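A.B. asks: Just one file: run.pdb, with PDB, C-alpha atoms.
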```
ATOM      1  CA  MET A 102     -20.848  77.625  -3.219  1.00  0.00           C
ATOM      2  CA  LYS A 103     -23.231  75.359  -1.291  1.00  0.00           C
ATOM      3  CA  ILE A 104     -24.941  78.385   0.247  1.00  0.00           C
ATOM      4  CA  ARG A 105     -25.372  80.006  -3.183  1.00  0.00           C
ATOM      5  CA  ASN A 106     -26.774  76.797  -4.642  1.00  0.00           C
ATOM      6  CA  SER A 107     -29.147  76.468  -1.689  1.00  0.00           C
ATOM      7  CA  VAL A 108     -30.369  80.050  -2.175  1.00  0.00           C
ATOM      8  CA  LEU A 109     -30.870  79.508  -5.903  1.00  0.00           C
ATOM      9  CA  PHE A 110     -32.742  76.273  -5.255  1.00  0.00           C
ATOM     10  CA  THR A 111     -34.946  78.005  -2.682  1.00  0.00           C
ATOM     11  CA  LEU A 112     -35.727  80.883  -5.082  1.00  0.00           C
ATOM     12  CA  ILE A 113     -36.574  78.509  -7.924  1.00  0.00           C
ATOM     13  CA  PHE A 114     -38.805  76.453  -5.628  1.00  0.00           C
ATOM     14  CA  ALA A 115     -40.554  79.587  -4.324  1.00  0.00           C
ATOM     15  CA  ILE A 116     -41.176  80.970  -7.813  1.00  0.00           C
ATOM     16  CA  ASN A 117     -42.559  77.634  -8.960  1.00  0.00           C
ATOM     17  CA  ALA A 118     -44.792  77.396  -5.886  1.00  0.00           C
ATOM     18  CA  ILE A 119     -46.164  80.873  -6.523  1.00  0.00           C
ATOM     19  CA  SER A 120     -46.890  80.085 -10.171  1.00  0.00           C
ATOM     20  CA  VAL A 121     -48.703  76.871  -9.195  1.00  0.00           C
ATOM     21  CA  TYR A 122     -50.819  78.071  -6.275  1.00  0.00           C
ATOM     22  CA  ALA A 123     -51.528  81.765  -6.904  1.00  0.00           C
ATOM     23  CA  GLU A 124     -54.310  83.152  -9.045  1.00  0.00           C
ATOM     24  CA  TYR A 125     -53.464  86.020 -11.371  1.00  0.00           C
ATOM     25  CA  ASN A 126     -55.826  88.935 -11.784  1.00  0.00           C
ATOM     26  CA  HIS A 127     -54.081  91.127 -14.396  1.00  0.00           C
ATOM     27  CA  GLU A 128     -53.919  90.052 -18.040  1.00  0.00           C
ATOM     28  CA  LEU A 129     -52.238  91.458 -21.134  1.00  0.00           C
ATOM     29  CA  GLY A 130     -52.905  90.041 -24.562  1.00  0.00           C
ATOM     30  CA  LEU A 131     -53.087  90.222 -28.325  1.00  0.00           C
ATOM     31  CA  THR A 132     -56.197  89.816 -30.430  1.00  0.00           C
ATOM     32  CA  GLY A 133     -56.938  89.214 -34.087  1.00  0.00           C
ATOM     33  CA  GLY A 134     -59.985  88.482 -36.205  1.00  0.00           C
ATOM     34  CA  ILE A 135     -62.451  90.043 -38.621  1.00  0.00           C
ATOM     35  CA  SER A 136     -64.500  93.221 -38.817  1.00  0.00           C
ATOM     36  CA  SER A 137     -67.731  93.788 -40.719  1.00  0.00           C
ATOM     37  CA  TYR A 138     -70.243  96.577 -41.191  1.00  0.00           C
ATOM     38  CA  LEU A 139     -73.997  97.173 -41.071  1.00  0.00           C
ATOM     39  CA  GLY A 140     -75.425 100.395 -42.501  1.00  0.00           C
ATOM     40  CA  ASP A 141     -76.891 101.890 -45.633  1.00  0.00           C
ATOM     41  CA  ALA A 142     -74.628  99.772 -47.872  1.00  0.00           C
ATOM     42  CA  ASN A 143     -75.577  96.585 -45.986  1.00  0.00           C
ATOM     43  CA  THR A 144     -78.706  96.723 -43.873  1.00  0.00           C
ATOM     44  CA  SER A 145     -79.235  93.059 -43.086  1.00  0.00           C
ATOM     45  CA  THR A 146     -76.324  90.629 -43.527  1.00  0.00           C
ATOM     46  CA  PRO A 147     -73.783  90.180 -40.705  1.00  0.00           C
ATOM     47  CA  PHE A 148     -70.178  89.350 -41.600  1.00  0.00           C
ATOM     48  CA  TRP A 149     -70.624  90.449 -45.216  1.00  0.00           C
ATOM     49  CA  ARG A 150     -67.292  91.522 -46.779  1.00  0.00           C
ATOM     50  CA  PRO A 151     -65.223  90.656 -43.675  1.00  0.00           C
ATOM     51  CA  LYS A 152     -61.989  92.585 -43.203  1.00  0.00           C
ATOM     52  CA  MET A 153     -59.059  92.280 -40.809  1.00  0.00           C
ATOM     53  CA  ALA A 154     -59.052  93.440 -37.170  1.00  0.00           C
ATOM     54  CA  VAL A 155     -55.960  93.341 -34.899  1.00  0.00           C
ATOM     55  CA  GLY A 156     -55.163  94.837 -31.519  1.00  0.00           C
ATOM     56  CA  GLY A 157     -54.391  94.382 -27.866  1.00  0.00           C
ATOM     57  CA  LEU A 158     -56.221  94.165 -24.559  1.00  0.00           C
ATOM     58  CA  TYR A 159     -55.797  94.505 -20.807  1.00  0.00           C
ATOM     59  CA  ARG A 160     -58.136  92.725 -18.390  1.00  0.00           C
ATOM     60  CA  TYR A 161     -58.467  93.184 -14.642  1.00  0.00           C
ATOM     61  CA  ASN A 162     -60.226  90.257 -12.978  1.00  0.00           C
ATOM     62  CA  ILE A 163     -62.173  91.630 -10.016  1.00  0.00           C
ATOM     63  CA  ASP A 164     -63.032  88.074  -8.932  1.00  0.00           C
ATOM     64  CA  THR A 165     -63.816  84.758 -10.621  1.00  0.00           C
ATOM     65  CA  ARG A 166     -67.040  86.136 -12.158  1.00  0.00           C
ATOM     66  CA  TRP A 167     -66.440  89.826 -12.941  1.00  0.00           C
ATOM     67  CA  ALA A 168     -63.749  91.558 -14.984  1.00  0.00           C
ATOM     68  CA  ILE A 169     -63.012  94.979 -16.467  1.00  0.00           C
ATOM     69  CA  LYS A 170     -61.388  95.041 -19.898  1.00  0.00           C
ATOM     70  CA  LEU A 171     -59.655  97.719 -21.985  1.00  0.00           C
ATOM     71  CA  THR A 172     -59.358  97.003 -25.704  1.00  0.00           C
ATOM     72  CA  ALA A 173     -57.754  98.839 -28.632  1.00  0.00           C
ATOM     73  CA  ILE A 174     -58.294  97.464 -32.146  1.00  0.00           C
ATOM     74  CA  TYR A 175     -57.258  98.650 -35.602  1.00  0.00           C
ATOM     75  CA  ALA A 176     -59.690  97.380 -38.234  1.00  0.00           C
ATOM     76  CA  GLN A 177     -61.151  97.866 -41.691  1.00  0.00           C
ATOM     77  CA  ALA A 178     -64.691  97.911 -43.054  1.00  0.00           C
ATOM     78  CA  GLU A 179     -66.210  98.130 -46.515  1.00  0.00           C
ATOM     79  CA  GLY A 180     -69.536  97.966 -48.288  1.00  0.00           C
ATOM     80  CA  ASP A 181     -71.098  98.092 -51.749  1.00  0.00           C
ATOM     81  CA  THR A 182     -74.798  98.731 -52.351  1.00  0.00           C
ATOM     82  CA  ARG A 183     -74.625  96.623 -55.537  1.00  0.00           C
ATOM     83  CA  ASP A 184     -74.203  93.503 -53.395  1.00  0.00           C
ATOM     84  CA  PHE A 185     -77.850  93.866 -52.377  1.00  0.00           C
ATOM     85  CA  ASN A 186     -79.165  95.794 -55.392  1.00  0.00           C
ATOM     86  CA  TYR A 187     -79.769  98.938 -53.339  1.00  0.00           C
ATOM     87  CA  LYS A 188     -80.439 102.037 -55.427  1.00  0.00           C
ATOM     88  CA  TYR A 189     -80.346 105.496 -53.880  1.00  0.00           C
ATOM     89  CA  PRO A 190     -81.628 108.792 -55.335  1.00  0.00           C
ATOM     90  CA  GLY A 191     -79.258 110.541 -57.718  1.00  0.00           C
ATOM     91  CA  VAL A 192     -76.323 108.083 -57.609  1.00  0.00           C
ATOM     92  CA  GLY A 193     -77.788 104.626 -58.109  1.00  0.00           C
ATOM     93  CA  TYR A 194     -75.104 102.813 -56.098  1.00  0.00           C
ATOM     94  CA  ALA A 195     -72.288 103.649 -53.683  1.00  0.00           C
ATOM     95  CA  THR A 196     -69.227 101.893 -52.265  1.00  0.00           C
ATOM     96  CA  PHE A 197     -66.809 102.652 -49.443  1.00  0.00           C
ATOM     97  CA  LYS A 198     -63.693 101.370 -47.704  1.00  0.00           C
ATOM     98  CA  ARG A 199     -62.771 102.533 -44.228  1.00  0.00           C
ATOM     99  CA  ASN A 200     -59.876 102.111 -41.795  1.00  0.00           C
ATOM    100  CA  TYR A 201     -60.740 102.815 -38.171  1.00  0.00           C
ATOM    101  CA  VAL A 202     -59.598 102.400 -34.586  1.00  0.00           C
ATOM    102  CA  ASP A 203     -61.880 101.203 -31.813  1.00  0.00           C
ATOM    103  CA  ALA A 204     -60.969 101.808 -28.153  1.00  0.00           C
ATOM    104  CA  SER A 205     -63.340 100.601 -25.455  1.00  0.00           C
ATOM    105  CA  ILE A 206     -63.764  99.786 -21.786  1.00  0.00           C
ATOM    106  CA  SER A 207     -66.222  97.066 -20.860  1.00  0.00           C
ATOM    107  CA  ALA A 208     -67.476  94.969 -17.967  1.00  0.00           C
ATOM    108  CA  GLU A 209     -67.516  91.186 -18.367  1.00  0.00           C
ATOM    109  CA  PHE A 210     -69.611  88.661 -16.447  1.00  0.00           C
ATOM    110  CA  ASN A 211     -68.568  84.997 -16.449  1.00  0.00           C
ATOM    111  CA  PHE A 212     -71.357  82.443 -16.176  1.00  0.00           C
ATOM    112  CA  PHE A 213     -69.043  80.119 -14.210  1.00  0.00           C
ATOM    113  CA  ASP A 214     -66.282  80.777 -11.679  1.00  0.00           C
ATOM    114  CA  LEU A 215     -63.122  80.871 -13.774  1.00  0.00           C
ATOM    115  CA  GLU A 216     -59.973  79.631 -12.053  1.00  0.00           C
ATOM    116  CA  THR A 217     -57.587  76.699 -12.055  1.00  0.00           C
ATOM    117  CA  LYS A 218     -57.426  75.829  -8.348  1.00  0.00           C
ATOM    118  CA  LYS A 219     -58.422  72.222  -7.959  1.00  0.00           C
ATOM    119  CA  TYR A 220     -59.619  72.719  -4.382  1.00  0.00           C
ATOM    120  CA  SER A 221     -62.098  75.512  -5.247  1.00  0.00           C
ATOM    121  CA  ARG A 222     -65.722  74.415  -5.299  1.00  0.00           C
ATOM    122  CA  GLY A 223     -67.604  75.108  -8.475  1.00  0.00           C
ATOM    123  CA  ALA A 224     -64.499  76.350 -10.312  1.00  0.00           C
ATOM    124  CA  TYR A 225     -64.115  75.852 -14.042  1.00  0.00           C
ATOM    125  CA  LYS A 226     -61.239  76.276 -16.462  1.00  0.00           C
ATOM    126  CA  ALA A 227     -63.626  77.512 -19.179  1.00  0.00           C
ATOM    127  CA  THR A 228     -66.699  79.719 -19.175  1.00  0.00           C
ATOM    128  CA  PRO A 229     -68.967  81.671 -21.516  1.00  0.00           C
ATOM    129  CA  TYR A 230     -69.430  85.355 -20.709  1.00  0.00           C
ATOM    130  CA  ILE A 231     -71.331  88.466 -21.709  1.00  0.00           C
ATOM    131  CA  MET A 232     -70.001  92.014 -21.884  1.00  0.00           C
ATOM    132  CA  LEU A 233     -71.222  95.611 -22.132  1.00  0.00           C
ATOM    133  CA  GLY A 234     -69.192  98.792 -22.371  1.00  0.00           C
ATOM    134  CA  VAL A 235     -68.562 102.185 -23.875  1.00  0.00           C
ATOM    135  CA  GLY A 236     -66.198 102.912 -26.737  1.00  0.00           C
ATOM    136  CA  LEU A 237     -64.691 105.494 -29.037  1.00  0.00           C
ATOM    137  CA  THR A 238     -64.375 105.053 -32.793  1.00  0.00           C
ATOM    138  CA  ALA A 239     -61.693 107.084 -34.570  1.00  0.00           C
ATOM    139  CA  TYR A 240     -61.536 107.450 -38.350  1.00  0.00           C
ATOM    140  CA  CYS A 241     -60.512 109.953 -40.980  1.00  0.00           C
ATOM    141  CA  ASN A 242     -62.896 112.304 -42.786  1.00  0.00           C
ATOM    142  CA  MET A 243     -61.210 112.246 -46.181  1.00  0.00           C
ATOM    143  CA  THR A 244     -63.311 115.127 -47.500  1.00  0.00           C
ATOM    144  CA  LEU A 245     -62.190 117.522 -44.764  1.00  0.00           C
ATOM    145  CA  ASN A 246     -58.854 115.728 -44.163  1.00  0.00           C
ATOM    146  CA  ASN A 247     -59.273 115.545 -40.401  1.00  0.00           C
ATOM    147  CA  ASN A 248     -59.887 112.876 -37.776  1.00  0.00           C
ATOM    148  CA  ILE A 249     -63.327 112.147 -36.355  1.00  0.00           C
ATOM    149  CA  TYR A 250     -64.059 110.595 -32.972  1.00  0.00           C
ATOM    150  CA  ARG A 251     -67.453 108.998 -32.402  1.00  0.00           C
ATOM    151  CA  PHE A 252     -69.014 107.436 -29.330  1.00  0.00           C
ATOM    152  CA  ASN A 253     -70.199 103.821 -29.553  1.00  0.00           C
ATOM    153  CA  ILE A 254     -71.714 101.163 -27.305  1.00  0.00           C
ATOM    154  CA  PRO A 255     -70.248  97.646 -27.618  1.00  0.00           C
ATOM    155  CA  VAL A 256     -72.294  94.610 -26.599  1.00  0.00           C
ATOM    156  CA  GLY A 257     -70.978  91.099 -26.925  1.00  0.00           C
ATOM    157  CA  ILE A 258     -70.631  87.461 -25.961  1.00  0.00           C
ATOM    158  CA  GLY A 259     -67.594  85.264 -25.689  1.00  0.00           C
ATOM    159  CA  GLY A 260     -65.833  82.333 -24.113  1.00  0.00           C
ATOM    160  CA  LYS A 261     -62.607  81.980 -22.094  1.00  0.00           C
ATOM    161  CA  TRP A 262     -60.418  78.967 -21.450  1.00  0.00           C
ATOM    162  CA  LYS A 263     -57.604  79.012 -18.898  1.00  0.00           C
ATOM    163  CA  ILE A 264     -54.928  76.917 -20.555  1.00  0.00           C
ATOM    164  CA  ASN A 265     -52.912  77.043 -17.335  1.00  0.00           C
ATOM    165  CA  LYS A 266     -52.120  79.526 -14.572  1.00  0.00           C
ATOM    166  CA  ARG A 267     -50.385  81.897 -16.947  1.00  0.00           C
ATOM    167  CA  TRP A 268     -52.292  81.732 -20.233  1.00  0.00           C
ATOM    168  CA  THR A 269     -55.915  82.313 -21.211  1.00  0.00           C
ATOM    169  CA  LEU A 270     -57.422  81.745 -24.656  1.00  0.00           C
ATOM    170  CA  GLY A 271     -60.642  83.460 -25.685  1.00  0.00           C
ATOM    171  CA  LEU A 272     -63.109  84.003 -28.514  1.00  0.00           C
ATOM    172  CA  GLU A 273     -65.367  87.061 -28.598  1.00  0.00           C
ATOM    173  CA  TRP A 274     -68.022  88.633 -30.810  1.00  0.00           C
ATOM    174  CA  THR A 275     -69.080  92.250 -30.301  1.00  0.00           C
ATOM    175  CA  ILE A 276     -71.472  94.563 -32.109  1.00  0.00           C
ATOM    176  CA  HIS A 277     -70.834  98.302 -31.798  1.00  0.00           C
ATOM    177  CA  LYS A 278     -73.769 100.675 -32.003  1.00  0.00           C
ATOM    178  CA  MET A 279     -72.824 104.110 -33.345  1.00  0.00           C
ATOM    179  CA  PHE A 280     -75.008 107.214 -33.151  1.00  0.00           C
ATOM    180  CA  VAL A 281     -74.048 108.723 -36.511  1.00  0.00           C
ATOM    181  CA  ASP A 282     -74.758 107.744 -40.118  1.00  0.00           C
ATOM    182  CA  ASP A 283     -71.502 108.927 -41.748  1.00  0.00           C
ATOM    183  CA  PHE A 284     -69.191 106.038 -40.809  1.00  0.00           C
ATOM    184  CA  ASP A 285     -69.565 104.794 -44.398  1.00  0.00           C
ATOM    185  CA  VAL A 286     -68.916 108.212 -46.000  1.00  0.00           C
ATOM    186  CA  THR A 287     -65.313 108.538 -47.192  1.00  0.00           C
ATOM    187  CA  ASP A 288     -65.619 110.994 -50.098  1.00  0.00           C
ATOM    188  CA  SER A 289     -68.138 112.771 -52.323  1.00  0.00           C
ATOM    189  CA  SER A 290     -68.908 109.598 -54.305  1.00  0.00           C
ATOM    190  CA  ASN A 291     -70.552 107.887 -51.309  1.00  0.00           C
ATOM    191  CA  LYS A 292     -71.936 110.902 -49.464  1.00  0.00           C
ATOM    192  CA  ILE A 293     -75.414 109.558 -50.174  1.00  0.00           C
ATOM    193  CA  LEU A 294     -74.810 106.891 -47.506  1.00  0.00           C
ATOM    194  CA  ASP A 295     -75.251 109.581 -44.845  1.00  0.00           C
ATOM    195  CA  ASN A 296     -79.051 109.666 -44.436  1.00  0.00           C
ATOM    196  CA  PRO A 297     -79.788 108.642 -48.055  1.00  0.00           C
ATOM    197  CA  TYR A 298     -83.506 109.443 -47.918  1.00  0.00           C
ATOM    198  CA  GLY A 299     -83.067 112.801 -46.214  1.00  0.00           C
ATOM    199  CA  THR A 300     -85.236 112.056 -43.195  1.00  0.00           C
ATOM    200  CA  SER A 301     -85.329 114.677 -40.449  1.00  0.00           C
ATOM    201  CA  LYS A 302     -84.444 112.184 -37.710  1.00  0.00           C
ATOM    202  CA  ASN A 303     -82.530 108.903 -37.669  1.00  0.00           C
ATOM    203  CA  GLY A 304     -84.082 106.050 -35.694  1.00  0.00           C
ATOM    204  CA  PHE A 305     -82.162 103.645 -33.458  1.00  0.00           C
ATOM    205  CA  PHE A 306     -81.498 101.209 -36.313  1.00  0.00           C
ATOM    206  CA  ASP A 307     -80.920 103.888 -38.966  1.00  0.00           C
ATOM    207  CA  THR A 308     -77.366 104.740 -37.873  1.00  0.00           C
ATOM    208  CA  ASP A 309     -74.230 102.704 -38.562  1.00  0.00           C
ATOM    209  CA  TRP A 310     -72.998  99.589 -36.737  1.00  0.00           C
ATOM    210  CA  TYR A 311     -69.902  97.425 -36.990  1.00  0.00           C
ATOM    211  CA  MET A 312     -69.050  93.990 -35.667  1.00  0.00           C
ATOM    212  CA  ILE A 313     -65.774  92.475 -34.545  1.00  0.00           C
ATOM    213  CA  CYS A 314     -65.204  88.749 -34.097  1.00  0.00           C
ATOM    214  CA  ASN A 315     -61.788  87.999 -32.657  1.00  0.00           C
ATOM    215  CA  LEU A 316     -59.620  85.328 -31.095  1.00  0.00           C
ATOM    216  CA  TYR A 317     -57.293  86.450 -28.314  1.00  0.00           C
ATOM    217  CA  ILE A 318     -54.617  85.105 -26.028  1.00  0.00           C
ATOM    218  CA  THR A 319     -53.518  86.720 -22.767  1.00  0.00           C
ATOM    219  CA  ILE A 320     -50.733  86.224 -20.281  1.00  0.00           C
ATOM    220  CA  ASN A 321     -51.696  86.492 -16.610  1.00  0.00           C
ATOM    221  CA  LEU A 322     -49.572  88.800 -14.476  1.00  0.00           C
ATOM    222  CA  PHE A 323     -48.888  89.161 -10.737  1.00  0.00           C
ATOM    223  CA  ASP A 324     -50.021  86.832  -8.002  1.00  0.00           C
ATOM    224  CA  PRO A 325     -52.176  88.344  -5.237  1.00  0.00           C
ATOM    225  CA  ASP A 326     -53.964  85.023  -4.486  1.00  0.00           C
ATOM    226  CA  ARG A 327     -57.144  86.966  -3.798  1.00  0.00           C
ATOM    227  CA  PHE A 328     -59.754  84.532  -5.081  1.00  0.00           C
ATOM    228  CA  CYS A 329     -59.304  81.814  -2.479  1.00  0.00           C
ATOM    229  CA  LYS A 330     -62.571  80.333  -1.200  1.00  0.00           C
TER     230      LYS A 330
END
```
For this file, write the structure as structure tokens.

C.D. replies:
Amino acid sequence: MKIRNSVLFTLIFAINAISVYAEYNHELGLTGGISSYLGDANTSTPFWRPKMAVGGLYRYNIDTRWAIKLTAIYAQAEGDTRDFNYKYPGVGYATFKRNYVDASISAEFNFFDLETKKYSRGAYKATPYIMLGVGLTAYCNMTLNNNIYRFNIPVGIGGKWKINKRWTLGLEWTIHKMFVDDFDVTDSSNKILDNPYGTSKNGFFDTDWYMICNLYITINLFDPDRFCK
């Protein structure tokens, strides 16, 4: 009995020591926030008609400055040209509502070394960061009744706070540049939102964009203690 108690005590002490002194470089988390749209139904006003956005993320911390993140988010977007008194040829106004999924991989750069070790020089429990990645937007073409997959480029800023060794809280804003103009076309009533003036070529700002602002929390996994300085 004494031996068993000694073993249990040793295991508990070892697990606690690992959780206190080891840095964790894998994170899994949940995210939630709002989604909004910029396009032919809203050309100028961010966060107009905000809708829900929920999802999950995985982050691999390469070191205290760099990380790679995978994100999958289910969100909604909508627009109405009457909000801004836009009038397009033949229809006057158009509205749309869209459900979509965004999946992306991005690189993050922390402005400060992010870790909780008290003996590390220049280490901080919180840091702002910037990110850049590539993504895929999936949504349904209701006219043809099939799914569409479009490439996008997400760019964003955010902030992270290590609550403790296990938990990280973050806030992030990203804008996703698409290379098509039919994200806001859901049926024949709003088809005009795809290149409404019939130009032969769309410029960089003539295609659709969407933004996601989300709060997330992650749990840190594993303990390779690889960021020691």

A.B. asks: Enumerate, as a PyMOL selection string, the residues matched when the PyMOL selection byres ((chain A and resi 136) around 9) is run on the file above.

C.D. replies: chain A and resi 134-135+137-138+148+150-154+176-178+311-315

A.B. asks: Go through A:Asp309, A:Asp285, A:Gly130, A:Lys263 and flag the residue nearest Thr196 in chain A, using all atoms listed in the file for the distances.

C.D. replies: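 Smallest distance to Thr196 in chain A is found for A:Asp285.
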
A.B. asks: Could you write out as JSON, numbers by chain the residues that the PyMOL selection byres ((chain A and resi 236) around 9) matches in the shown file?

C.D. replies: {"A": [203, 204, 205, 206, 207, 234, 235, 237, 238, 251, 252, 253, 254, 255, 277]}

A.B. asks: Which one is closest to Asn186 in chain A: A:Ala142, A:Ile258, A:Ile264, A:Met232? Count all atoms listed in the file.

C.D. replies: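 Selected residue with least distance to Asn186 in chain A: A:Ala142.
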
A.B. asks: Tell me, in Å to one decimal, how far CA of Phe185 in chain A is from CA of Ile249 in chain A.

C.D. replies: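 Pair CA of Phe185 in chain A / CA of Ile249 in chain A returns 28.3 Å.
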
A.B. asks: Between CA of Tyr194 in chain A and CA of Asp181 in chain A, what distance in Å does the model show, to one decimal?

C.D. replies: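 The value is 7.6 Å.
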
A.B. asks: Mind checking which residues fall within 10 Å of Gly271 in chain A, counting all atoms listed in the file, ignoring those fewer than 5 positions away in the same chain, and posting them as a compact mmCIF listing (two decimals) with C-alpha atoms, in the coordinates of the input?

C.D. replies:
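See result_8.txt below for the written result:
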```txt
# COMPACT_ATOMS: atom_id res chain seq x y z
CA THR A 132 -56.20 89.82 -30.43
CA ALA A 227 -63.63 77.51 -19.18
CA THR A 228 -66.70 79.72 -19.18
CA PRO A 229 -68.97 81.67 -21.52
CA GLY A 259 -67.59 85.26 -25.69
CA GLY A 260 -65.83 82.33 -24.11
CA LYS A 261 -62.61 81.98 -22.09
CA TRP A 262 -60.42 78.97 -21.45
CA LYS A 263 -57.60 79.01 -18.90
CA ASN A 315 -61.79 88.00 -32.66
CA LEU A 316 -59.62 85.33 -31.10
CA TYR A 317 -57.29 86.45 -28.31
CA ILE A 318 -54.62 85.10 -26.03
CA THR A 319 -53.52 86.72 -22.77
```

A.B. asks: Using all atoms listed in the file - which residues lie no farther than 12 Å from the point (-72.5, 109.6, -49.8) in the file's frame? Write them as a PyMOL selection string.

C.D. replies: chain A and resi 141-142+181-182+189-197+244+282-299

A.B. asks: Report, in Å with one decimal, the straight-line distance from CA of Arg199 in chain A to CA of Gly157 in chain A.

C.D. replies: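 Taking CA of Arg199 in chain A as the start and CA of Gly157 in chain A as the end point, the length is 20.1 Å.
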
A.B. asks: Restricting the calculation to all atoms listed in the file, which member of A:Ala239, A:Ile320, A:Val281, A:Leu129 is positioned closest to Thr269 in chain A?

C.D. replies: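 Of A:Ala239, A:Ile320, A:Val281, A:Leu129, the one nearest Thr269 in chain A, counting all atoms listed in the file, is A:Ile320.
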
A.B. asks: What lies within 8 Å of Phe210 in chain A using all atoms listed in the file, ignoring chain neighbours under 2 positions off, as a tab-separated table (two decimals) with C-alpha atoms, in the coordinates of the input?

C.D. replies:
```tsv
chain	number	residue	atom	x	y	z
A	166	ARG	CA	-67.04	86.14	-12.16
A	167	TRP	CA	-66.44	89.83	-12.94
A	168	ALA	CA	-63.75	91.56	-14.98
A	208	ALA	CA	-67.48	94.97	-17.97
A	212	PHE	CA	-71.36	82.44	-16.18
A	230	TYR	CA	-69.43	85.36	-20.71
A	231	ILE	CA	-71.33	88.47	-21.71
A	232	MET	CA	-70.00	92.01	-21.88
```
